[in-house]
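A short worksheet on the structure shown next.
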Number of protein chains: 2
Amino acid sequence: MDQKQRIQNIEKSTEDKELKKEALRPIPDISREPVCAWENYPVLSGINCPADLKNLTVAQLKQLSDEIRQFILDTVSRTGGHLASNLGVVEMTLALHYVFDFAEDKLLWDVGHQCYAHKIITGRKEAFLNLRKADGVSGFPNPLESPYDLFRVGHAGTSIGTAIGMALGQSRQSKQDKIVALVGDASIVNGASFEALNNLGLVKRQLLIVLNDNSMAIDATQGAVAKYLSRIRLSQTYEDIRRTTNDILEHTPVIGHTIEEAIARIKKSIRMALPASQLFESLNIPYFGPVDGHDIASLIQIFSTLKKIEHPAILHLFTKKGMGFLPAGHEPSKYHSTGPFEITEDGQQKTEDGAKRSPAQRDREKKAEDHPQSFTDIFGSELASIAEKDKRIVAITGAMCDGTGLMEFRERFPERFYDVGIAESAAVEIAAGLAKSGMRPVVCIYSTFLQRSFDQIFQEVSLQNLPVVFCVDRAGVVGADGPTHHGLMDIGYMRMMPNFALIAPADAGEMKAALEFAFSQDSPICIRYPKEFIIDSQINAGCEPFVSGKSVVARESINSDAIVVGYGSIVNEAIKAAGKLAEDGIEIDVINARFAAPVDEKIIRILESGKPVITVEDHGSACGFGSAILEEAYKHSGGIKPRNISILGATKRFFRHDSRAKQLMDAGINADKIAETVRQMLKNR
Amino acid sequence: MDQKQRIQNIEKSTEDKELKKEALRPIPDISREPVCAWENYPVLSGINCPADLKNLTVAQLKQLSDEIRQFILDTVSRTGGHLASNLGVVEMTLALHYVFDFAEDKLLWDVGHQCYAHKIITGRKEAFLNLRKADGVSGFPNPLESPYDLFRVGHAGTSIGTAIGMALGQSRQSKQDKIVALVGDASIVNGASFEALNNLGLVKRQLLIVLNDNSMAIDATQGAVAKYLSRIRLSQTYEDIRRTTNDILEHTPVIGHTIEEAIARIKKSIRMALPASQLFESLNIPYFGPVDGHDIASLIQIFSTLKKIEHPAILHLFTKKGMGFLPAGHEPSKYHSTGPFEITEDGQQKTEDGAKRSPAQRDREKKAEDHPQSFTDIFGSELASIAEKDKRIVAITGAMCDGTGLMEFRERFPERFYDVGIAESAAVEIAAGLAKSGMRPVVCIYSTFLQRSFDQIFQEVSLQNLPVVFCVDRAGVVGADGPTHHGLMDIGYMRMMPNFALIAPADAGEMKAALEFAFSQDSPICIRYPKEFIIDSQINAGCEPFVSGKSVVARESINSDAIVVGYGSIVNEAIKAAGKLAEDGIEIDVINARFAAPVDEKIIRILESGKPVITVEDHGSACGFGSAILEEAYKHSGGIKPRNISILGATKRFFRHDSRAKQLMDAGINADKIAETVRQMLKNR
């Protein structure tokens, strides 16, 4: 796709000016890009769009798979990103693009972080070199990048539902485009996926669901469906899977026979030990598989066959996370015998000490060389330390043990740790039950994913007034993951809830104090903090205990010109701003608000003092902390004479993938913007 | 439970002052209650707590069932409420209370509107006479009423999750209380239920799930699980079910045998045509049933048996909605042969014209004698009328066809109507898919239940900027259903979303104009309106078309003293207030805001005029319309000199079941409060 065509596509795709502005950023000049030795990729270098695949032989497609894997490895080793899941879906992706024409047909990704091969072959291989960087492609599907991406996603469990909607829309308009929804074994257990599967019967036309099952190890905590899929895997030899593939090809569909007949014949010929179709059959969904997700020749045949079925169907693929990367990948004879393996970011080597550590863990270890600790780290170690003393504390997460810093807690208190998988709603319900029975549950979920629990936070926690502690990581802008992952709404949706206290620590010491406060309360509480390393905290209030609804002074001058009130770690930006302003002889006080609910009455009294006040938060300006201050100030009509106040929060738009620092700048919530606002307000008086 | 004990329980149960105040309202003096002829209820009149059941014979329990059904019928015929579902669970409720001791054991309701028999036998039969009235019990479980109610619920799909949490909490504390989670066949398909079922393996102790399956008719739209349960029902004769009951009693549990062995033996002896356990077996959940949910003697034996299983298990009961009410109830020989039947509210008669109409329909017809139409009615007829012309319009609801006024649409355009069951998340995903494929989907969900879709509204609609029209009924306070059903947060959670327009019609004419505007846009839009009859609209602007971000004048005086800006139907209260104030020579202008996003700049300019401004909305004051006005006014620091402004919205607390008028008064958002605020502001100037 050339630049002109790209611009036309974008112009058509949205009326939203901000989106357009973002989308229309020029694609980076390749000459400025990291040099890619294209001669190492003889097949890939010739692939500029999916149509180019159709000229390849099966042998060339196999080679292309290997080249793409190498290309992903090389890129991700430089840029970071999702690696293992992407290595596992290369053959599936190529086979799908070989069989379908996704310029017309519809391909829907779930979560979407496994779309790298798809991006590479849909005209974005150059931009992929700068994956997740401001000048490169994002790590998730994005219609602003390519017409081959339909939905901008990042949360789990939505591909089947949107595919149903698209299928119904196609039917209403008598269109015949084929629809394929991809879903992983971790996503299909999400409640949203299940609700969609339960409604698949609405669709009376073709709709293929491809279940990408790459669960190499089954953790006891992963739930019943994971165990079910594991039982299928364990019951299948590689030969069984080959036979299943052949049976599908042989029996489906035959003219004059229904899909039910075809499936009956397949089952008859397979005689599997475990009825793999049991779960899906009870949901009335024609099930095919399991088949080998890396046998590209077979995949092409199977997709070609299933494409013709005028009925929703599910195809179950076994794939290997990290395929082609470790020696284990070369021994695919028995899928179930392969244990979990280690991916490193620096090439094809194991870690030096040979220890098994997750990428997130290693990321932290690597960064720790330069920076002391992240909020996540501090949270993790403080929680474990408090939990040592308070036996009532239990921790719950939704497939985010690592990301939310719960590894230490899990290791030290395995029997007090619950991972419910990607099931945020259930996580909160279970927490509510635990609290009701006298425990002190901590729910650890990223801000953006906690949106899935909004109603449970309302009904199961707020309405019952139960002492559940929500530890909301990734609050604020998140950097490279981009729009689907920012946590810019949690203050708004949580502060509407009766009984809740909302707090935010500004630094490491405050994290400890915040947790201690949280566990001393008998009502629900929400602690938010960003994806951020704590570089050098200059806030002295850290060791003061939290007192309900009380702010603390972070910086005070004898005769200040203005007052900045910050909520959370953004207070550090205010302190930076104070330093800059002091150089010009402008003195500001910095208040560390600590509470967004209840807000400190002292802040309201400060408003009465007449000095310019600036509130700042790493959150949308709609419904946020500043908005809470305004509401509080006006609660008693005529009582408070309002003064100049500026609310600094992210404007209501989507912030593209970039560094967190750049996003804070774009959102207008960094030290420069604070200083500029102070100057402006002083000038306008 | 006497008054003193009740107060002690309440004091212990919460620290929340508002909740306490609400809970401590004196239980009404029975002498002032509707007279109940207790002599007609010889057994029931002697039942004051569950322990009283244990002295009864099976024959007496059967009589008690009949008496309770009669008592519910008599009461609901007067008060309104959920009837059919409650008549169906009487035997189950009695048997559970007979076998378990829910003073210690834990009983968890799903949705909870089927808890009437439970309320009647747990010391609340007198208060039940005023069901859903301010002086009586609420229609849902409520811990403030009784220690036998654990969670205050009203939304579907949460009982299994909270039960898991309670079971884990019990295990952590080495407690042995038995736990029973009830769930209906309509609730178990909810994503939250499924996520919980998938995590049932976390529990390593007793936890009994009772699936109350009362689906008399299977609608094609109800989904795969409903069809599955229907297949089980169709495959079972009454004799099969009796045999299953006996087999369970005979084989479970036997000392020295595991639950797996017991189930294997049961299955062997049953030889069912359809493996009823298939779905639950694939989820690794021991399944028992199906059994007759009205055979109280058997139920007592089965509960006594399953109570001893130290493992989660599910018991599948067939019950009949409306049991004991219609002649059909007396022919239980074949469950599957009973068709849907009609319940009327005025006793045991069919409707005069013999037509099958839902209670909601009849409610509207009855009310229509006095009042012209509700917002729901106007929406329904206008949508159908617009859809006649615009073929792109399709409608989606989550088991709320009737309640959201979609009957006419469904009747006229059956192929353009989708009911996904209680699956609000999937409803929004499907809508997004439909919009993406060029349709114009209308999502019709009550404000409180739409909270379940928050994340899909964000990712699938707002982020993609898709033209989905959300028609949010039951926005604001809802009257008799109480705290779980109020819609007091939708403005807040929707106005944080980029790309969304938020509008609210003030009367019937405006509903039409709002819909026309919505379908003329290419981006997402949310229309909110309350559960309210339109008595006599005095707003003249109704026929003016909606213009993006523009308010209209609803009442204007030559020289006004103050300006009231209302969002939605509450504008009518402002006009009433204007009338009252005019009597005292105070003149106010009333602005009908129409938009909460984007807000009208004119309103901001009015703020600059210096006159007192009062905003009013049927929504929480946190994050609401008034808050949006404040934010907008302060967007440019120092630019706007703020004036007196009062924000009238519901305070952050829960409003108990009562009339809507009384709730508006309690929330401080009616004509009286508006007039009082105007007077106060004028006085303070």
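Here, A, B, ... name the chains of the structure tokens in the order displayed, residue numbers run from 1 inside each chain, and ligands are numbered from 1 in the same displayed order.
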>> Among segment 390-467 of chain A, which ones does DSSP assign to strand (DSSP E) (computed from the backbone)? Answer as number ranges by chain.
In response: A: 393-397, 417-419, 440-446
> Counting only C-alpha atoms, what is within 10 Å of Glu516 of chain A, bar same-chain residues fewer than 6 positions away, as a ChimeraX atom specification?
Replying inline: /A:382-383,386,510,545-546
For the residues in that selection, give me N, CA and C atoms as a PDB file, in the first residue's frame.
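Here's the written file result_19.pdb:
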```pdb
ATOM      1  N   GLU A 382       6.181  -4.959  49.591  1.00  0.00           N
ATOM      2  CA  GLU A 382       5.461  -4.468  50.773  1.00  0.00           C
ATOM      3  C   GLU A 382       4.269  -5.360  51.104  1.00  0.00           C
ATOM      4  N   LEU A 383       3.560  -5.780  50.057  1.00  0.00           N
ATOM      5  CA  LEU A 383       2.395  -6.636  50.311  1.00  0.00           C
ATOM      6  C   LEU A 383       2.826  -7.918  51.005  1.00  0.00           C
ATOM      7  N   ILE A 386       3.601  -7.170  54.619  1.00  0.00           N
ATOM      8  CA  ILE A 386       2.409  -6.950  55.458  1.00  0.00           C
ATOM      9  C   ILE A 386       1.654  -8.265  55.660  1.00  0.00           C
ATOM     10  N   GLU A 510       5.485   5.977  50.277  1.00  0.00           N
ATOM     11  CA  GLU A 510       4.039   6.158  50.331  1.00  0.00           C
ATOM     12  C   GLU A 510       3.282   4.879  49.957  1.00  0.00           C
ATOM     13  N   PRO A 545       2.041   8.339  58.148  1.00  0.00           N
ATOM     14  CA  PRO A 545       0.952   7.415  57.823  1.00  0.00           C
ATOM     15  C   PRO A 545      -0.194   8.134  57.099  1.00  0.00           C
ATOM     16  N   PHE A 546      -0.911   7.380  56.299  1.00  0.00           N
ATOM     17  CA  PHE A 546      -2.098   7.933  55.633  1.00  0.00           C
ATOM     18  C   PHE A 546      -3.191   8.132  56.678  1.00  0.00           C
TER      19      PHE A 546
END
```
Up to 6 Å from chain A, what residues of chain B turn up? Count only C-alpha atoms and give them as a PDB file with N, CA, C and O atoms, in the first residue's frame.
```pdb
ATOM      1  N   GLY B 161     -19.542 -16.949  41.857  1.00  0.00           N
ATOM      2  CA  GLY B 161     -18.277 -16.281  42.179  1.00  0.00           C
ATOM      3  C   GLY B 161     -18.171 -15.919  43.648  1.00  0.00           C
ATOM      4  O   GLY B 161     -17.143 -16.179  44.293  1.00  0.00           O
ATOM      5  N   THR B 162     -19.219 -15.312  44.190  1.00  0.00           N
ATOM      6  CA  THR B 162     -19.150 -14.947  45.605  1.00  0.00           C
ATOM      7  C   THR B 162     -19.127 -16.196  46.475  1.00  0.00           C
ATOM      8  O   THR B 162     -18.452 -16.209  47.512  1.00  0.00           O
ATOM      9  N   ILE B 164     -17.687 -19.010  45.688  1.00  0.00           N
ATOM     10  CA  ILE B 164     -16.296 -19.489  45.645  1.00  0.00           C
ATOM     11  C   ILE B 164     -15.463 -18.697  46.640  1.00  0.00           C
ATOM     12  O   ILE B 164     -14.698 -19.265  47.429  1.00  0.00           O
ATOM     13  N   GLY B 165     -15.622 -17.383  46.621  1.00  0.00           N
ATOM     14  CA  GLY B 165     -14.878 -16.540  47.558  1.00  0.00           C
ATOM     15  C   GLY B 165     -15.164 -16.919  49.001  1.00  0.00           C
ATOM     16  O   GLY B 165     -14.239 -17.043  49.818  1.00  0.00           O
ATOM     17  N   MET B 166     -16.431 -17.127  49.313  1.00  0.00           N
ATOM     18  CA  MET B 166     -16.775 -17.486  50.696  1.00  0.00           C
ATOM     19  C   MET B 166     -16.200 -18.858  51.066  1.00  0.00           C
ATOM     20  O   MET B 166     -15.750 -19.079  52.190  1.00  0.00           O
ATOM     21  N   GLY B 169     -12.578 -18.453  51.720  1.00  0.00           N
ATOM     22  CA  GLY B 169     -12.424 -17.797  53.016  1.00  0.00           C
ATOM     23  C   GLY B 169     -12.658 -18.763  54.167  1.00  0.00           C
ATOM     24  O   GLY B 169     -11.916 -18.769  55.163  1.00  0.00           O
ATOM     25  N   GLY B 191     -21.677 -14.270  31.416  1.00  0.00           N
ATOM     26  CA  GLY B 191     -20.225 -14.436  31.403  1.00  0.00           C
ATOM     27  C   GLY B 191     -19.626 -14.531  32.791  1.00  0.00           C
ATOM     28  O   GLY B 191     -18.676 -15.281  33.027  1.00  0.00           O
ATOM     29  N   ALA B 192     -20.188 -13.766  33.728  1.00  0.00           N
ATOM     30  CA  ALA B 192     -19.661 -13.799  35.089  1.00  0.00           C
ATOM     31  C   ALA B 192     -19.862 -15.186  35.706  1.00  0.00           C
ATOM     32  O   ALA B 192     -18.979 -15.716  36.388  1.00  0.00           O
ATOM     33  N   PHE B 194     -20.027 -17.997  34.049  1.00  0.00           N
ATOM     34  CA  PHE B 194     -19.111 -18.912  33.400  1.00  0.00           C
ATOM     35  C   PHE B 194     -17.692 -18.764  33.938  1.00  0.00           C
ATOM     36  O   PHE B 194     -17.006 -19.754  34.202  1.00  0.00           O
ATOM     37  N   GLU B 195     -17.249 -17.532  34.104  1.00  0.00           N
ATOM     38  CA  GLU B 195     -15.903 -17.320  34.656  1.00  0.00           C
ATOM     39  C   GLU B 195     -15.793 -17.980  36.028  1.00  0.00           C
ATOM     40  O   GLU B 195     -14.753 -18.562  36.374  1.00  0.00           O
ATOM     41  N   ALA B 196     -16.837 -17.885  36.801  1.00  0.00           N
ATOM     42  CA  ALA B 196     -16.823 -18.499  38.131  1.00  0.00           C
ATOM     43  C   ALA B 196     -16.812 -20.025  38.021  1.00  0.00           C
ATOM     44  O   ALA B 196     -16.005 -20.701  38.672  1.00  0.00           O
ATOM     45  N   ASN B 198     -15.673 -21.779  35.699  1.00  0.00           N
ATOM     46  CA  ASN B 198     -14.346 -22.166  35.218  1.00  0.00           C
ATOM     47  C   ASN B 198     -13.319 -22.174  36.350  1.00  0.00           C
ATOM     48  O   ASN B 198     -12.286 -22.820  36.252  1.00  0.00           O
ATOM     49  N   ASN B 199     -13.608 -21.444  37.408  1.00  0.00           N
ATOM     50  CA  ASN B 199     -12.689 -21.358  38.542  1.00  0.00           C
ATOM     51  C   ASN B 199     -13.150 -22.148  39.761  1.00  0.00           C
ATOM     52  O   ASN B 199     -12.573 -22.014  40.843  1.00  0.00           O
ATOM     53  N   GLY B 223     -29.952 -18.816  23.161  1.00  0.00           N
ATOM     54  CA  GLY B 223     -28.579 -19.277  23.217  1.00  0.00           C
ATOM     55  C   GLY B 223     -28.391 -20.765  23.383  1.00  0.00           C
ATOM     56  O   GLY B 223     -29.335 -21.526  23.618  1.00  0.00           O
ATOM     57  N   ALA B 224     -27.119 -21.163  23.274  1.00  0.00           N
ATOM     58  CA  ALA B 224     -26.766 -22.581  23.205  1.00  0.00           C
ATOM     59  C   ALA B 224     -27.019 -23.322  24.512  1.00  0.00           C
ATOM     60  O   ALA B 224     -27.486 -24.455  24.506  1.00  0.00           O
ATOM     61  N   VAL B 225     -26.725 -22.691  25.635  1.00  0.00           N
ATOM     62  CA  VAL B 225     -26.921 -23.385  26.908  1.00  0.00           C
ATOM     63  C   VAL B 225     -28.406 -23.626  27.141  1.00  0.00           C
ATOM     64  O   VAL B 225     -28.810 -24.696  27.604  1.00  0.00           O
ATOM     65  N   LEU B 279     -21.963 -30.990  29.550  1.00  0.00           N
ATOM     66  CA  LEU B 279     -21.436 -29.632  29.661  1.00  0.00           C
ATOM     67  C   LEU B 279     -20.646 -29.459  30.952  1.00  0.00           C
ATOM     68  O   LEU B 279     -19.518 -28.954  30.945  1.00  0.00           O
ATOM     69  N   SER B 282     -17.381 -31.472  31.136  1.00  0.00           N
ATOM     70  CA  SER B 282     -16.216 -30.894  30.451  1.00  0.00           C
ATOM     71  C   SER B 282     -15.610 -29.783  31.295  1.00  0.00           C
ATOM     72  O   SER B 282     -14.438 -29.474  31.148  1.00  0.00           O
ATOM     73  N   LEU B 283     -16.399 -29.191  32.186  1.00  0.00           N
ATOM     74  CA  LEU B 283     -15.857 -28.187  33.097  1.00  0.00           C
ATOM     75  C   LEU B 283     -15.404 -28.820  34.415  1.00  0.00           C
ATOM     76  O   LEU B 283     -15.094 -28.114  35.372  1.00  0.00           O
ATOM     77  N   ALA B 423     -26.462 -11.111  28.819  1.00  0.00           N
ATOM     78  CA  ALA B 423     -25.085 -11.123  28.323  1.00  0.00           C
ATOM     79  C   ALA B 423     -24.788  -9.751  27.739  1.00  0.00           C
ATOM     80  O   ALA B 423     -24.605  -9.579  26.537  1.00  0.00           O
ATOM     81  N   SER B 425     -22.217  -7.824  27.887  1.00  0.00           N
ATOM     82  CA  SER B 425     -20.926  -7.647  27.218  1.00  0.00           C
ATOM     83  C   SER B 425     -21.015  -8.081  25.762  1.00  0.00           C
ATOM     84  O   SER B 425     -20.594  -7.371  24.852  1.00  0.00           O
ATOM     85  N   ALA B 426     -21.576  -9.271  25.563  1.00  0.00           N
ATOM     86  CA  ALA B 426     -21.713  -9.784  24.200  1.00  0.00           C
ATOM     87  C   ALA B 426     -22.633  -8.887  23.378  1.00  0.00           C
ATOM     88  O   ALA B 426     -22.401  -8.679  22.184  1.00  0.00           O
ATOM     89  N   GLU B 429     -20.509  -6.150  22.037  1.00  0.00           N
ATOM     90  CA  GLU B 429     -19.571  -6.650  21.023  1.00  0.00           C
ATOM     91  C   GLU B 429     -20.294  -6.903  19.697  1.00  0.00           C
ATOM     92  O   GLU B 429     -19.792  -6.550  18.628  1.00  0.00           O
ATOM     93  N   ILE B 430     -21.435  -7.554  19.796  1.00  0.00           N
ATOM     94  CA  ILE B 430     -22.199  -7.868  18.586  1.00  0.00           C
ATOM     95  C   ILE B 430     -22.643  -6.586  17.900  1.00  0.00           C
ATOM     96  O   ILE B 430     -22.566  -6.455  16.677  1.00  0.00           O
ATOM     97  N   ALA B 431     -23.059  -5.609  18.701  1.00  0.00           N
ATOM     98  CA  ALA B 431     -23.445  -4.312  18.128  1.00  0.00           C
ATOM     99  C   ALA B 431     -22.272  -3.674  17.395  1.00  0.00           C
ATOM    100  O   ALA B 431     -22.431  -3.130  16.300  1.00  0.00           O
ATOM    101  N   GLY B 433     -19.762  -5.173  15.991  1.00  0.00           N
ATOM    102  CA  GLY B 433     -19.568  -5.905  14.741  1.00  0.00           C
ATOM    103  C   GLY B 433     -20.591  -5.494  13.694  1.00  0.00           C
ATOM    104  O   GLY B 433     -20.259  -5.310  12.517  1.00  0.00           O
ATOM    105  N   LEU B 434     -21.830  -5.336  14.125  1.00  0.00           N
ATOM    106  CA  LEU B 434     -22.889  -4.909  13.199  1.00  0.00           C
ATOM    107  C   LEU B 434     -22.584  -3.519  12.651  1.00  0.00           C
ATOM    108  O   LEU B 434     -22.722  -3.278  11.447  1.00  0.00           O
ATOM    109  N   SER B 437     -19.935  -3.469  10.100  1.00  0.00           N
ATOM    110  CA  SER B 437     -20.321  -3.980   8.780  1.00  0.00           C
ATOM    111  C   SER B 437     -21.390  -3.107   8.128  1.00  0.00           C
ATOM    112  O   SER B 437     -22.033  -3.539   7.179  1.00  0.00           O
ATOM    113  N   GLN B 451     -23.667  -1.312  32.981  1.00  0.00           N
ATOM    114  CA  GLN B 451     -22.383  -1.271  33.690  1.00  0.00           C
ATOM    115  C   GLN B 451     -21.543  -2.512  33.356  1.00  0.00           C
ATOM    116  O   GLN B 451     -20.322  -2.454  33.382  1.00  0.00           O
ATOM    117  N   ARG B 452     -22.220  -3.613  33.031  1.00  0.00           N
ATOM    118  CA  ARG B 452     -21.525  -4.840  32.656  1.00  0.00           C
ATOM    119  C   ARG B 452     -20.759  -4.690  31.343  1.00  0.00           C
ATOM    120  O   ARG B 452     -19.895  -5.504  31.037  1.00  0.00           O
ATOM    121  N   ASP B 455     -16.425  -1.970  29.624  1.00  0.00           N
ATOM    122  CA  ASP B 455     -15.177  -2.156  28.887  1.00  0.00           C
ATOM    123  C   ASP B 455     -15.412  -2.350  27.388  1.00  0.00           C
ATOM    124  O   ASP B 455     -14.602  -1.922  26.578  1.00  0.00           O
ATOM    125  N   TYR B 493     -19.755   7.319  33.553  1.00  0.00           N
ATOM    126  CA  TYR B 493     -18.857   6.374  32.870  1.00  0.00           C
ATOM    127  C   TYR B 493     -18.874   6.546  31.352  1.00  0.00           C
ATOM    128  O   TYR B 493     -17.904   6.217  30.682  1.00  0.00           O
ATOM    129  N   MET B 496     -16.582   9.831  29.897  1.00  0.00           N
ATOM    130  CA  MET B 496     -15.124   9.725  29.813  1.00  0.00           C
ATOM    131  C   MET B 496     -14.669   9.187  28.462  1.00  0.00           C
ATOM    132  O   MET B 496     -13.487   9.229  28.134  1.00  0.00           O
ATOM    133  N   PRO B 498     -13.937   8.960  24.640  1.00  0.00           N
ATOM    134  CA  PRO B 498     -13.812   9.763  23.425  1.00  0.00           C
ATOM    135  C   PRO B 498     -14.826   9.319  22.360  1.00  0.00           C
ATOM    136  O   PRO B 498     -15.274   8.167  22.377  1.00  0.00           O
ATOM    137  N   ALA B 622     -21.580  13.100  41.515  1.00  0.00           N
ATOM    138  CA  ALA B 622     -20.191  12.812  41.147  1.00  0.00           C
ATOM    139  C   ALA B 622     -20.136  12.437  39.671  1.00  0.00           C
ATOM    140  O   ALA B 622     -20.851  11.544  39.218  1.00  0.00           O
ATOM    141  N   CYS B 623     -19.290  13.117  38.934  1.00  0.00           N
ATOM    142  CA  CYS B 623     -19.018  12.790  37.528  1.00  0.00           C
ATOM    143  C   CYS B 623     -20.184  13.021  36.571  1.00  0.00           C
ATOM    144  O   CYS B 623     -20.122  12.595  35.420  1.00  0.00           O
ATOM    145  N   SER B 637      -7.828  28.089  31.993  1.00  0.00           N
ATOM    146  CA  SER B 637      -7.568  28.677  33.305  1.00  0.00           C
ATOM    147  C   SER B 637      -7.667  30.184  33.255  1.00  0.00           C
ATOM    148  O   SER B 637      -7.116  30.833  32.377  1.00  0.00           O
ATOM    149  N   GLY B 638      -8.379  30.734  34.216  1.00  0.00           N
ATOM    150  CA  GLY B 638      -8.479  32.178  34.306  1.00  0.00           C
ATOM    151  C   GLY B 638      -9.346  32.803  33.234  1.00  0.00           C
ATOM    152  O   GLY B 638      -9.670  33.984  33.305  1.00  0.00           O
ATOM    153  N   ASN B 644     -21.634  31.965  41.055  1.00  0.00           N
ATOM    154  CA  ASN B 644     -22.390  31.003  41.858  1.00  0.00           C
ATOM    155  C   ASN B 644     -22.999  29.931  40.964  1.00  0.00           C
ATOM    156  O   ASN B 644     -23.678  30.244  39.998  1.00  0.00           O
ATOM    157  N   SER B 646     -24.819  25.954  41.456  1.00  0.00           N
ATOM    158  CA  SER B 646     -25.156  24.819  42.315  1.00  0.00           C
ATOM    159  C   SER B 646     -25.390  23.600  41.440  1.00  0.00           C
ATOM    160  O   SER B 646     -26.034  23.699  40.394  1.00  0.00           O
ATOM    161  N   LYS B 652     -23.815  10.761  47.001  1.00  0.00           N
ATOM    162  CA  LYS B 652     -23.170   9.449  46.816  1.00  0.00           C
ATOM    163  C   LYS B 652     -23.601   8.492  47.919  1.00  0.00           C
ATOM    164  O   LYS B 652     -22.916   8.329  48.922  1.00  0.00           O
ATOM    165  N   ARG B 653     -24.768   7.895  47.758  1.00  0.00           N
ATOM    166  CA  ARG B 653     -25.239   6.896  48.718  1.00  0.00           C
ATOM    167  C   ARG B 653     -26.226   6.004  47.976  1.00  0.00           C
ATOM    168  O   ARG B 653     -26.526   6.229  46.794  1.00  0.00           O
TER     169      ARG B 653
END
```
> Which of segment 523-608 of chain A counts as alpha helix (DSSP H) under DSSP, as a VMD selection string please?
Replying inline: chain A and resid 571 to 583 601 to 608
> How far is it from atom CA of Leu581 of chain B to atom CA of Ala554 of chain B, in Å with one decimal?
Replying inline: 15.7 Å
